[in-house]
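J.: My structure file target-v1.txt, compact mmCIF, N, CA and C atoms and all ligand atoms, is below:
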```
# COMPACT_ATOMS: atom_id res chain seq x y z
N MET Q 1 168.21 -161.12 -70.58
CA MET Q 1 168.73 -159.78 -70.95
C MET Q 1 169.09 -159.02 -69.67
N MET Q 2 170.20 -158.34 -69.72
CA MET Q 2 170.64 -157.58 -68.54
C MET Q 2 169.83 -156.29 -68.41
N ASN Q 3 169.42 -156.02 -67.22
CA ASN Q 3 168.70 -154.78 -66.95
C ASN Q 3 169.12 -154.26 -65.58
N PRO Q 4 170.40 -153.86 -65.49
CA PRO Q 4 170.92 -153.45 -64.18
C PRO Q 4 170.28 -152.17 -63.69
N LYS Q 5 170.06 -152.10 -62.40
CA LYS Q 5 169.51 -150.88 -61.82
C LYS Q 5 170.65 -150.01 -61.33
N GLY Q 6 170.56 -148.73 -61.64
CA GLY Q 6 171.60 -147.79 -61.23
C GLY Q 6 171.39 -147.38 -59.78
N THR Q 7 172.19 -146.43 -59.37
CA THR Q 7 172.06 -145.91 -58.01
C THR Q 7 170.70 -145.24 -57.85
N GLN Q 8 170.00 -145.61 -56.80
CA GLN Q 8 168.69 -145.03 -56.57
C GLN Q 8 168.84 -143.67 -55.88
N PRO Q 9 168.14 -142.66 -56.39
CA PRO Q 9 168.22 -141.34 -55.75
C PRO Q 9 167.71 -141.37 -54.32
N GLU Q 10 166.88 -142.37 -54.00
CA GLU Q 10 166.36 -142.48 -52.65
C GLU Q 10 167.46 -142.81 -51.64
N ASP Q 11 168.60 -143.28 -52.16
CA ASP Q 11 169.68 -143.62 -51.25
C ASP Q 11 170.31 -142.38 -50.62
N LEU Q 12 170.08 -141.24 -51.25
CA LEU Q 12 170.66 -140.01 -50.74
C LEU Q 12 169.84 -139.48 -49.56
N VAL Q 13 170.51 -138.75 -48.69
CA VAL Q 13 169.81 -138.12 -47.57
C VAL Q 13 169.57 -136.66 -47.91
N TRP Q 14 168.31 -136.26 -47.86
CA TRP Q 14 167.94 -134.90 -48.22
C TRP Q 14 167.69 -134.10 -46.95
N GLU Q 15 167.92 -132.81 -47.06
CA GLU Q 15 167.72 -131.93 -45.92
C GLU Q 15 166.95 -130.70 -46.36
N CYS Q 16 165.97 -130.29 -45.55
CA CYS Q 16 165.23 -129.07 -45.85
C CYS Q 16 166.17 -127.88 -45.66
N GLN Q 17 166.27 -127.06 -46.71
CA GLN Q 17 167.19 -125.93 -46.66
C GLN Q 17 166.72 -124.89 -45.66
N ALA Q 18 165.44 -124.85 -45.37
CA ALA Q 18 164.89 -123.85 -44.46
C ALA Q 18 164.97 -124.29 -43.01
N CYS Q 19 164.67 -125.56 -42.76
CA CYS Q 19 164.57 -126.06 -41.39
C CYS Q 19 165.82 -126.81 -40.95
N HIS Q 20 166.63 -127.23 -41.89
CA HIS Q 20 167.83 -128.02 -41.58
C HIS Q 20 167.48 -129.29 -40.81
N VAL Q 21 166.43 -129.94 -41.24
CA VAL Q 21 166.08 -131.25 -40.71
C VAL Q 21 166.02 -132.22 -41.90
N ASN Q 22 166.27 -133.47 -41.61
CA ASN Q 22 166.24 -134.46 -42.68
C ASN Q 22 164.82 -134.64 -43.21
N LEU Q 23 164.72 -134.74 -44.53
CA LEU Q 23 163.42 -134.99 -45.13
C LEU Q 23 163.06 -136.46 -44.94
N VAL Q 24 161.78 -136.72 -44.81
CA VAL Q 24 161.32 -138.09 -44.66
C VAL Q 24 160.43 -138.43 -45.85
N GLU Q 25 160.51 -139.67 -46.30
CA GLU Q 25 159.69 -140.07 -47.44
C GLU Q 25 158.25 -140.29 -47.01
N GLY Q 26 157.36 -139.77 -47.83
CA GLY Q 26 155.94 -139.95 -47.53
C GLY Q 26 155.14 -139.79 -48.80
N PRO Q 27 153.88 -140.21 -48.76
CA PRO Q 27 153.04 -140.14 -49.95
C PRO Q 27 152.68 -138.70 -50.31
N VAL Q 28 152.85 -138.37 -51.58
CA VAL Q 28 152.48 -137.06 -52.09
C VAL Q 28 151.60 -137.28 -53.32
N THR Q 29 150.49 -136.57 -53.37
CA THR Q 29 149.59 -136.72 -54.52
C THR Q 29 149.94 -135.71 -55.59
N LEU Q 30 150.15 -136.18 -56.79
CA LEU Q 30 150.49 -135.33 -57.92
C LEU Q 30 149.52 -135.59 -59.05
N MET Q 31 149.42 -134.60 -59.94
CA MET Q 31 148.68 -134.83 -61.18
C MET Q 31 149.70 -135.04 -62.28
N TYR Q 32 149.55 -136.12 -63.03
CA TYR Q 32 150.49 -136.40 -64.10
C TYR Q 32 149.74 -137.05 -65.26
N MET Q 33 149.85 -136.46 -66.43
CA MET Q 33 149.20 -136.98 -67.62
C MET Q 33 147.72 -137.23 -67.37
N GLY Q 34 147.09 -136.31 -66.63
CA GLY Q 34 145.66 -136.42 -66.39
C GLY Q 34 145.28 -137.44 -65.34
N ASN Q 35 146.28 -138.03 -64.72
CA ASN Q 35 146.00 -139.02 -63.69
C ASN Q 35 146.44 -138.49 -62.33
N ARG Q 36 145.61 -138.75 -61.33
CA ARG Q 36 146.01 -138.41 -59.97
C ARG Q 36 146.80 -139.60 -59.44
N ILE Q 37 148.06 -139.33 -59.11
CA ILE Q 37 148.93 -140.41 -58.67
C ILE Q 37 149.50 -140.08 -57.31
N THR Q 38 149.80 -141.09 -56.54
CA THR Q 38 150.44 -140.90 -55.25
C THR Q 38 151.80 -141.57 -55.28
N VAL Q 39 152.82 -140.78 -54.99
CA VAL Q 39 154.17 -141.32 -54.98
C VAL Q 39 154.83 -140.93 -53.66
N ASP Q 40 155.80 -141.72 -53.25
CA ASP Q 40 156.56 -141.40 -52.05
C ASP Q 40 157.70 -140.47 -52.42
N LEU Q 41 157.71 -139.29 -51.84
CA LEU Q 41 158.75 -138.32 -52.11
C LEU Q 41 159.27 -137.78 -50.78
N PRO Q 42 160.54 -137.38 -50.78
CA PRO Q 42 161.08 -136.77 -49.56
C PRO Q 42 160.38 -135.46 -49.25
N GLN Q 43 159.95 -135.32 -48.00
CA GLN Q 43 159.30 -134.08 -47.62
C GLN Q 43 159.72 -133.70 -46.21
N CYS Q 44 159.62 -132.39 -45.91
CA CYS Q 44 160.04 -131.89 -44.61
C CYS Q 44 158.93 -132.12 -43.59
N PRO Q 45 159.24 -132.81 -42.48
CA PRO Q 45 158.23 -133.07 -41.46
C PRO Q 45 157.83 -131.80 -40.71
N ARG Q 46 158.63 -130.75 -40.85
CA ARG Q 46 158.35 -129.52 -40.09
C ARG Q 46 157.52 -128.54 -40.89
N CYS Q 47 157.96 -128.21 -42.12
CA CYS Q 47 157.25 -127.17 -42.88
C CYS Q 47 156.46 -127.74 -44.04
N GLY Q 48 156.63 -129.04 -44.31
CA GLY Q 48 155.82 -129.64 -45.36
C GLY Q 48 156.40 -129.49 -46.75
N PHE Q 49 157.58 -128.90 -46.85
CA PHE Q 49 158.24 -128.76 -48.14
C PHE Q 49 158.45 -130.13 -48.78
N VAL Q 50 158.09 -130.24 -50.05
CA VAL Q 50 158.27 -131.50 -50.77
C VAL Q 50 159.38 -131.33 -51.77
N LEU Q 51 160.36 -132.21 -51.67
CA LEU Q 51 161.46 -132.16 -52.61
C LEU Q 51 161.12 -132.97 -53.84
N VAL Q 52 161.08 -132.31 -54.98
CA VAL Q 52 160.91 -133.03 -56.24
C VAL Q 52 162.10 -132.68 -57.10
N SER Q 53 163.21 -133.34 -56.81
CA SER Q 53 164.38 -133.11 -57.62
C SER Q 53 164.16 -133.74 -58.98
N GLU Q 54 164.90 -133.26 -59.95
CA GLU Q 54 164.69 -133.75 -61.31
C GLU Q 54 164.94 -135.26 -61.37
N ALA Q 55 165.99 -135.70 -60.71
CA ALA Q 55 166.33 -137.12 -60.76
C ALA Q 55 165.23 -137.95 -60.11
N VAL Q 56 164.77 -137.50 -58.95
CA VAL Q 56 163.72 -138.24 -58.25
C VAL Q 56 162.44 -138.22 -59.08
N ALA Q 57 162.10 -137.04 -59.59
CA ALA Q 57 160.86 -136.91 -60.35
C ALA Q 57 160.89 -137.80 -61.59
N LEU Q 58 162.00 -137.80 -62.29
CA LEU Q 58 162.10 -138.61 -63.49
C LEU Q 58 162.01 -140.09 -63.14
N GLY Q 59 162.64 -140.48 -62.05
CA GLY Q 59 162.58 -141.88 -61.63
C GLY Q 59 161.17 -142.28 -61.28
N LYS Q 60 160.49 -141.42 -60.53
CA LYS Q 60 159.12 -141.72 -60.13
C LYS Q 60 158.20 -141.73 -61.33
N MET Q 61 158.41 -140.76 -62.24
CA MET Q 61 157.55 -140.69 -63.41
C MET Q 61 157.73 -141.93 -64.27
N ALA Q 62 158.96 -142.43 -64.35
CA ALA Q 62 159.20 -143.64 -65.13
C ALA Q 62 158.43 -144.80 -64.52
N GLU Q 63 158.45 -144.89 -63.19
CA GLU Q 63 157.72 -145.96 -62.51
C GLU Q 63 156.23 -145.83 -62.79
N VAL Q 64 155.74 -144.59 -62.72
CA VAL Q 64 154.31 -144.35 -62.93
C VAL Q 64 153.93 -144.71 -64.35
N GLU Q 65 154.76 -144.30 -65.30
CA GLU Q 65 154.44 -144.60 -66.69
C GLU Q 65 154.38 -146.10 -66.90
N GLN Q 66 155.29 -146.82 -66.30
CA GLN Q 66 155.26 -148.27 -66.42
C GLN Q 66 153.98 -148.83 -65.80
N ALA Q 67 153.60 -148.28 -64.65
CA ALA Q 67 152.40 -148.76 -63.98
C ALA Q 67 151.18 -148.49 -64.86
N LEU Q 68 151.15 -147.32 -65.50
CA LEU Q 68 150.02 -146.97 -66.35
C LEU Q 68 149.98 -147.88 -67.58
N GLU Q 69 151.16 -148.17 -68.12
CA GLU Q 69 151.21 -148.99 -69.32
C GLU Q 69 150.81 -150.43 -69.03
N ASP Q 70 150.98 -150.83 -67.78
CA ASP Q 70 150.64 -152.21 -67.40
C ASP Q 70 149.15 -152.46 -67.37
N LYS Q 71 148.38 -151.36 -67.41
CA LYS Q 71 146.92 -151.53 -67.32
C LYS Q 71 146.39 -152.31 -68.52
ZN ZN Q 101 161.30 -127.48 -43.72
```
Can you present the structure in this file as structure tokens?
T.:
Amino acid sequence: MMNPKGTQPEDLVWECQACHVNLVEGPVTLMYMGNRITVDLPQCPRCGFVLVSEAVALGKMAEVEQALEDK
């Protein structure tokens, strides 16, 4: 069965609107569905701003849900 992967949002380059520096991917701890999860999200190395765009969040949440269902 075909299961093609679309364009990954991670392919985009993000920039902190405040610092004008490129965001770097790093582990961020979130609470989701009662579970403490760690996902890699773009964040600002200068001010610590974490970008959780809807597309990125949905993609990460889908991955997490799959991981949870695999238990
Ligand atoms: Zn910043």
J.: Centre and edge lengths of an axis-aligned box around all listed atoms of range 14-21 of chain Q, with 3 Å added on each side, are to be given in Å to one decimal, as lines of an AutoDock Vina configuration file.
T.:
```
center_x = 166.4
center_y = -130.1
center_z = -44.5
size_x = 9.7
size_y = 18.4
size_z = 13.5
```
J.: Show me which residues sit within 9 Å of ligand ZN 101 (chain Q) when counting only C-alpha atoms and all ligand atoms, and put them as a list in words.
T.: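 Every residue with an atom at most 9 Å from ligand ZN 101 (chain Q) is listed here: Glu15, Cys16, Gln17, Ala18, Cys19, His20, Val21, Asn22, Leu23, Gln43, Cys44, Pro45, Arg46, Cys47, Gly48, Phe49 and Val50 of chain Q.
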J.: Separation of atom N of Ile37 in chain Q and atom N of Lys71 in chain Q, in Å?
T.: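 Spanning atom N of Ile37 in chain Q to atom N of Lys71 in chain Q is a straight-line distance of 14.6 Å.
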J.: What separation in Å, quoted to one decimal, exists between atom N of Leu51 in chain Q and atom C of Asp70 in chain Q?
T.: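 Result for atom N of Leu51 in chain Q versus atom C of Asp70 in chain Q: 28.0 Å, one decimal.
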J.: Could you give me, as a count of residues only, the residues within 6.5 Å of Thr29 in chain Q, counting only N, CA and C atoms and dropping anything in the same chain fewer than 2 positions from it?
T.: 6
J.: Could you jot down the atom N of Tyr32 in chain Q to atom C of Val13 in chain Q separation for me, Å, one decimal place?
T.: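 Calculated distance between atom N of Tyr32 in chain Q and atom C of Val13 in chain Q is 25.1 Å.
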